[in-house]
Amino acid sequence: MTAIDKAALHESGALDVAAIRCDFPILELDVNGRRLVFLDNAASSQMPRQVMDRILRYQTSEHANIHRAVHYLSEKATAEYEAARHKAKVFLNAREEREIIFTSGTTDGINLVAHGFGRKFLGEGDEIILTTLEHHSNIVPWQMVAQEKGAKLRVVPIDDRGELMLDEYRKLFTDRTKLVAMTHVSNALGTINPVKDMIAAAHAHGVPVLVDGAQAAPHMPVDVQDLDCDFYAFSGHKVCGPTGIGVLYGKAALLEKMQPFKGGGDMILSVTFEKTTYNTIPHKFEAGTPPIMPAIALGAAIDYITGVGIDAIASHETDLLSYATERVNAMSGVRIIGTAERKAAVLSFAVEGVHPHDVGTLLNEEGVAIRTGHHCAQPVMQHFKVPATCRASFAFYNTHDEVDALVEAIKKVQKVFT
Ligand SMILES: Cc1ncc(COP(=O)(O)O)c(C=O)c1O
């Protein structure tokens, strides 16, 4: 019986983390003679047995190409692929399945909008608003399309806590603003942006909004109807699913007006050498054989996370983050970077006199996996005038003991360098 079968909650309503951890075989690994302490979840989270079992079931009894044949396996695989789309629709509270496009990840989803929306609707002198907190995935595609179209990027600044300066945001709108693209949660600092208010402000100017949800979807309930965002992208591998799959939500009316990003099979209704008629949404944006198994596995990951309870996940991680913040704040010679009032699951820090890469390497010797570097968010590093940070990022299967292990390992680093 698995943790989820047993309902992974204590009677108090708190997560039964010990039971949950039984679902994640990788957490049993020893690394350098120590039990693995995996605190690199913002880069990619781990996969529970239930998702692995689903992959095995698909590969052993359901696999065939979809949408193309009338035989048993093709119909089965098609039904399971479309069932996964339904799960993603419910997970995001989208209105309709056709608003859910399977992509290869957040980056792919953003590129789809940059090409499908940007190349069609942007012109010379138009403006796109981004924020300083963006991951490179939500900067570079816009730079590429802006260069091609002669459009300009306008950037919302942050303050020294790592919060967006909302008064500056409101001042950036002009009659040339065509889109806002912003992250829900900063991967480098953990800042939770007030996206709902920011979307309302953009809509007051008639401007659509894309939200990069890569760091939000794993940690908090997301309701695209309540947010009223026009696009929302997230990655499967950050919500306990496999790599190579992601979801782009888009409002149907906008998706219908956009041009396809990729051409090929499945995205067409008819083709002659003179003219192609495109398929209806979402298929218009899913050219070629899609990632069938990863999509079905993502559906299983969504089932798993929903089974644990996204509210319970959010509350456990908030508790872990505040415990970690308190413990790290109490250390001398360690500075937390990013102290926004509302944060999710990320603790970025610097150890005085030690390069982040050395911190990461020495922590690895203690079995503690964190990430060091610019986290694909160089504008954030530039704001804080650091080349890199150390980043511990939490998931619902992490424990207070693992936070203690992190703190003890940092103390060892400090000893080595004194
Ligand atoms: C905020 C944010 N956006 C986008 C991405 C890119 O996600 P992917 O590499 O899965 O496409 C990441 C990955 O770390 C991220 O944290």
# chains A, B, ... in the order shown; residues from 1 in each chain; ligands from 1

call {"tool": "residues_near_ligand", "arguments": {"ligand": "ligand 1", "cutoff": "7 Å", "atoms": "only C-alpha atoms and all ligand atoms", "output": "VMD selection string"}}
result
chain A and resid 42 to 43 105 to 108 134 to 135 137 to 138 183 185 to 187 212 to 215 235 237

call {"tool": "residues_around", "arguments": {"residues": "range 121-124 of chain A", "least_positions_apart": "3", "cutoff": "6 Å", "atoms": "only C-alpha atoms", "output": "CSV table (one decimal) with N, CA and C atoms, in the first residue's frame"}}
result
chain,number,residue,atom,x,y,z
A,117,PHE,N,2.2,34.1,-31.1
A,117,PHE,CA,1.6,35.4,-30.8
A,117,PHE,C,2.5,36.6,-31.3
A,118,GLY,N,3.8,36.5,-30.8
A,118,GLY,CA,4.7,37.6,-31.0
A,118,GLY,C,4.9,37.9,-32.5
A,149,LYS,N,11.2,41.8,-35.1
A,149,LYS,CA,10.1,42.7,-35.4
A,149,LYS,C,10.3,44.2,-35.2
A,150,GLY,N,11.5,44.5,-34.6
A,150,GLY,CA,11.8,45.9,-34.2
A,150,GLY,C,11.0,46.3,-33.0
A,151,ALA,N,10.7,45.4,-32.2
A,151,ALA,CA,10.0,45.7,-30.9
A,151,ALA,C,11.0,45.9,-29.8

call {"tool": "residues_around", "arguments": {"residues": "range 335-342 of chain A", "least_positions_apart": "2", "cutoff": "7 Å", "atoms": "only C-alpha atoms", "output": "ChimeraX atom specification"}}
result
/A:161-163,189,191-192,333,348-351

call {"tool": "select_by_dssp", "arguments": {"residues": "range 64-158 of chain A", "states": "helix (DSSP H, G or I)", "output": "PyMOL selection string"}}
result
chain A and resi 72-92+97-99+106-121+136-138+140-149

call {"tool": "write_last_selection", "arguments": {"atoms": "N, CA and C atoms", "output": "compact mmCIF listing (two decimals), in the first residue's frame"}}
result
# COMPACT_ATOMS: atom_id res chain seq x y z
N TYR A 72 -6.65 -1.26 -31.52
CA TYR A 72 -6.85 -1.17 -30.07
C TYR A 72 -5.81 -0.27 -29.39
N LEU A 73 -4.52 -0.55 -29.67
CA LEU A 73 -3.48 0.18 -28.92
C LEU A 73 -3.50 1.67 -29.24
N SER A 74 -3.71 2.01 -30.49
CA SER A 74 -3.72 3.42 -30.85
C SER A 74 -4.90 4.12 -30.17
N GLU A 75 -6.03 3.44 -30.14
CA GLU A 75 -7.20 4.07 -29.49
C GLU A 75 -6.98 4.21 -27.99
N LYS A 76 -6.32 3.19 -27.42
CA LYS A 76 -6.04 3.22 -25.96
C LYS A 76 -5.07 4.37 -25.66
N ALA A 77 -3.98 4.43 -26.43
CA ALA A 77 -2.97 5.48 -26.18
C ALA A 77 -3.59 6.87 -26.38
N THR A 78 -4.43 7.01 -27.42
CA THR A 78 -5.09 8.30 -27.67
C THR A 78 -5.98 8.68 -26.48
N ALA A 79 -6.74 7.70 -26.00
CA ALA A 79 -7.66 7.99 -24.89
C ALA A 79 -6.87 8.40 -23.64
N GLU A 80 -5.73 7.73 -23.38
CA GLU A 80 -4.94 8.04 -22.18
C GLU A 80 -4.25 9.40 -22.33
N TYR A 81 -3.79 9.71 -23.53
CA TYR A 81 -3.15 11.02 -23.80
C TYR A 81 -4.17 12.14 -23.58
N GLU A 82 -5.37 11.94 -24.11
CA GLU A 82 -6.40 12.98 -23.95
C GLU A 82 -6.89 13.04 -22.50
N ALA A 83 -6.85 11.89 -21.80
CA ALA A 83 -7.22 11.90 -20.37
C ALA A 83 -6.21 12.73 -19.59
N ALA A 84 -4.93 12.65 -20.00
CA ALA A 84 -3.90 13.46 -19.33
C ALA A 84 -4.17 14.95 -19.57
N ARG A 85 -4.64 15.27 -20.76
CA ARG A 85 -4.98 16.68 -21.05
C ARG A 85 -6.10 17.13 -20.11
N HIS A 86 -7.07 16.24 -19.89
CA HIS A 86 -8.16 16.58 -18.98
C HIS A 86 -7.62 16.85 -17.56
N LYS A 87 -6.65 16.00 -17.13
CA LYS A 87 -6.09 16.18 -15.78
C LYS A 87 -5.39 17.54 -15.67
N ALA A 88 -4.65 17.90 -16.73
CA ALA A 88 -3.96 19.20 -16.72
C ALA A 88 -4.97 20.34 -16.70
N LYS A 89 -6.07 20.15 -17.40
CA LYS A 89 -7.14 21.17 -17.42
C LYS A 89 -7.70 21.37 -16.02
N VAL A 90 -7.95 20.26 -15.32
CA VAL A 90 -8.51 20.36 -13.96
C VAL A 90 -7.46 20.97 -13.02
N PHE A 91 -6.19 20.55 -13.18
CA PHE A 91 -5.10 21.04 -12.32
C PHE A 91 -5.00 22.56 -12.38
N LEU A 92 -5.17 23.12 -13.58
CA LEU A 92 -5.05 24.58 -13.74
C LEU A 92 -6.40 25.29 -13.67
N GLU A 97 -10.58 21.64 -22.38
CA GLU A 97 -9.38 20.84 -22.72
C GLU A 97 -8.62 21.49 -23.88
N ARG A 98 -9.33 22.11 -24.81
CA ARG A 98 -8.62 22.63 -25.99
C ARG A 98 -7.74 23.84 -25.65
N GLU A 99 -7.85 24.32 -24.40
CA GLU A 99 -6.95 25.40 -23.96
C GLU A 99 -5.63 24.86 -23.41
N THR A 106 8.38 24.37 -19.99
CA THR A 106 8.06 25.79 -19.89
C THR A 106 8.72 26.59 -21.03
N THR A 107 9.99 26.29 -21.27
CA THR A 107 10.73 27.01 -22.31
C THR A 107 10.02 26.89 -23.65
N ASP A 108 9.60 25.67 -23.96
CA ASP A 108 8.92 25.42 -25.23
C ASP A 108 7.59 26.18 -25.28
N GLY A 109 6.87 26.20 -24.16
CA GLY A 109 5.58 26.91 -24.10
C GLY A 109 5.76 28.40 -24.35
N ILE A 110 6.80 28.98 -23.74
CA ILE A 110 7.04 30.41 -23.91
C ILE A 110 7.45 30.70 -25.36
N ASN A 111 8.29 29.83 -25.91
CA ASN A 111 8.67 30.00 -27.32
C ASN A 111 7.47 29.91 -28.24
N LEU A 112 6.54 29.01 -27.89
CA LEU A 112 5.32 28.88 -28.71
C LEU A 112 4.57 30.21 -28.74
N VAL A 113 4.47 30.87 -27.58
CA VAL A 113 3.74 32.14 -27.54
C VAL A 113 4.56 33.23 -28.24
N ALA A 114 5.88 33.21 -28.02
CA ALA A 114 6.73 34.24 -28.66
C ALA A 114 6.58 34.17 -30.19
N HIS A 115 6.56 32.95 -30.71
CA HIS A 115 6.44 32.79 -32.16
C HIS A 115 5.00 32.91 -32.62
N GLY A 116 4.10 32.19 -31.94
CA GLY A 116 2.71 32.13 -32.40
C GLY A 116 1.96 33.44 -32.20
N PHE A 117 2.24 34.13 -31.10
CA PHE A 117 1.59 35.41 -30.82
C PHE A 117 2.48 36.57 -31.27
N GLY A 118 3.76 36.51 -30.81
CA GLY A 118 4.67 37.63 -31.04
C GLY A 118 4.91 37.91 -32.52
N ARG A 119 5.18 36.84 -33.27
CA ARG A 119 5.50 37.07 -34.68
C ARG A 119 4.28 37.53 -35.45
N LYS A 120 3.10 37.20 -34.95
CA LYS A 120 1.89 37.62 -35.66
C LYS A 120 1.45 39.03 -35.26
N PHE A 121 1.55 39.32 -33.96
CA PHE A 121 0.91 40.57 -33.49
C PHE A 121 1.89 41.70 -33.14
N HIS A 136 15.94 33.03 -17.89
CA HIS A 136 16.35 33.32 -19.28
C HIS A 136 15.31 32.81 -20.29
N SER A 137 14.58 31.76 -19.90
CA SER A 137 13.54 31.21 -20.80
C SER A 137 12.44 32.20 -21.09
N ASN A 138 12.28 33.17 -20.20
CA ASN A 138 11.24 34.18 -20.41
C ASN A 138 11.85 35.53 -20.77
N VAL A 140 14.95 35.44 -23.38
CA VAL A 140 15.59 35.24 -24.69
C VAL A 140 14.57 35.09 -25.83
N PRO A 141 13.49 34.31 -25.66
CA PRO A 141 12.53 34.21 -26.78
C PRO A 141 11.95 35.57 -27.16
N TRP A 142 11.75 36.43 -26.15
CA TRP A 142 11.18 37.77 -26.42
C TRP A 142 12.19 38.67 -27.09
N GLN A 143 13.47 38.50 -26.66
CA GLN A 143 14.54 39.27 -27.33
C GLN A 143 14.61 38.89 -28.80
N MET A 144 14.51 37.58 -29.06
CA MET A 144 14.62 37.11 -30.45
C MET A 144 13.50 37.67 -31.30
N VAL A 145 12.27 37.60 -30.77
CA VAL A 145 11.14 38.08 -31.58
C VAL A 145 11.16 39.61 -31.68
N ALA A 146 11.63 40.27 -30.60
CA ALA A 146 11.70 41.74 -30.63
C ALA A 146 12.70 42.20 -31.68
N GLN A 147 13.84 41.50 -31.74
CA GLN A 147 14.85 41.85 -32.75
C GLN A 147 14.28 41.71 -34.16
N GLU A 148 13.57 40.60 -34.36
CA GLU A 148 13.03 40.34 -35.70
C GLU A 148 11.99 41.38 -36.10
N LYS A 149 11.20 41.83 -35.09
CA LYS A 149 10.06 42.70 -35.40
C LYS A 149 10.34 44.19 -35.16

call {"tool": "closest_residue", "arguments": {"among": "A:Val180, A:Met267, A:Val209, A:Met220", "to": "Lys251 in chain A", "atoms": "only C-alpha atoms"}}
result
A:Val209

call {"tool": "atom_distance", "arguments": {"atom1": "CA of Val31 in chain A", "atom2": "CA of Gly367 in chain A"}}
result
5.0 Å

call {"tool": "residues_around", "arguments": {"residues": "Asp197 in chain A", "least_positions_apart": "6", "cutoff": "12 Å", "atoms": "only C-alpha atoms", "output": "ChimeraX atom specification"}}
result
/A:166,169-170,184,203-204,209,226-229

call {"tool": "write_last_selection", "arguments": {"atoms": "N, CA, C and O atoms", "output": "PDB file, in the first residue's frame"}}
result
ATOM      1  N   LEU A 166       6.080  47.748  -8.058  1.00  0.00           N
ATOM      2  CA  LEU A 166       4.813  47.755  -8.790  1.00  0.00           C
ATOM      3  C   LEU A 166       4.442  49.134  -9.335  1.00  0.00           C
ATOM      4  O   LEU A 166       3.788  49.233 -10.378  1.00  0.00           O
ATOM      5  N   TYR A 169       6.106  49.291 -12.529  1.00  0.00           N
ATOM      6  CA  TYR A 169       5.386  48.429 -13.490  1.00  0.00           C
ATOM      7  C   TYR A 169       4.248  49.214 -14.136  1.00  0.00           C
ATOM      8  O   TYR A 169       4.114  49.253 -15.361  1.00  0.00           O
ATOM      9  N   ARG A 170       3.456  49.878 -13.297  1.00  0.00           N
ATOM     10  CA  ARG A 170       2.283  50.585 -13.835  1.00  0.00           C
ATOM     11  C   ARG A 170       2.703  51.703 -14.799  1.00  0.00           C
ATOM     12  O   ARG A 170       1.993  52.004 -15.746  1.00  0.00           O
ATOM     13  N   HIS A 184       5.581  33.748 -12.170  1.00  0.00           N
ATOM     14  CA  HIS A 184       4.705  33.704 -10.991  1.00  0.00           C
ATOM     15  C   HIS A 184       5.579  33.687  -9.726  1.00  0.00           C
ATOM     16  O   HIS A 184       5.341  34.427  -8.788  1.00  0.00           O
ATOM     17  N   HIS A 203      -4.653  44.162 -18.037  1.00  0.00           N
ATOM     18  CA  HIS A 203      -5.927  44.082 -18.762  1.00  0.00           C
ATOM     19  C   HIS A 203      -6.622  45.450 -18.827  1.00  0.00           C
ATOM     20  O   HIS A 203      -7.348  45.734 -19.783  1.00  0.00           O
ATOM     21  N   ALA A 204      -6.381  46.270 -17.806  1.00  0.00           N
ATOM     22  CA  ALA A 204      -6.973  47.621 -17.840  1.00  0.00           C
ATOM     23  C   ALA A 204      -6.453  48.405 -19.053  1.00  0.00           C
ATOM     24  O   ALA A 204      -7.098  49.335 -19.529  1.00  0.00           O
ATOM     25  N   VAL A 209      -1.460  38.783 -20.874  1.00  0.00           N
ATOM     26  CA  VAL A 209      -0.358  38.442 -19.970  1.00  0.00           C
ATOM     27  C   VAL A 209      -0.029  36.950 -20.056  1.00  0.00           C
ATOM     28  O   VAL A 209      -0.913  36.104 -19.944  1.00  0.00           O
ATOM     29  N   ASP A 226      -9.219  32.229 -12.186  1.00  0.00           N
ATOM     30  CA  ASP A 226      -9.194  33.239 -11.134  1.00  0.00           C
ATOM     31  C   ASP A 226      -8.108  34.284 -11.431  1.00  0.00           C
ATOM     32  O   ASP A 226      -8.342  35.486 -11.292  1.00  0.00           O
ATOM     33  N   LEU A 227      -6.931  33.815 -11.870  1.00  0.00           N
ATOM     34  CA  LEU A 227      -5.857  34.761 -12.210  1.00  0.00           C
ATOM     35  C   LEU A 227      -6.252  35.602 -13.418  1.00  0.00           C
ATOM     36  O   LEU A 227      -5.828  36.737 -13.569  1.00  0.00           O
ATOM     37  N   ASP A 228      -7.026  34.993 -14.305  1.00  0.00           N
ATOM     38  CA  ASP A 228      -7.425  35.611 -15.574  1.00  0.00           C
ATOM     39  C   ASP A 228      -6.224  35.854 -16.494  1.00  0.00           C
ATOM     40  O   ASP A 228      -6.243  36.775 -17.323  1.00  0.00           O
ATOM     41  N   CYS A 229      -5.180  35.017 -16.338  1.00  0.00           N
ATOM     42  CA  CYS A 229      -4.023  35.155 -17.242  1.00  0.00           C
ATOM     43  C   CYS A 229      -4.430  34.674 -18.633  1.00  0.00           C
ATOM     44  O   CYS A 229      -5.367  33.887 -18.785  1.00  0.00           O
TER      45      CYS A 229
END

call {"tool": "closest_residue", "arguments": {"among": "A:Val211, A:Leu347, A:Ala324, A:Val195", "to": "Asp404 in chain A", "atoms": "only C-alpha atoms"}}
result
A:Ala324
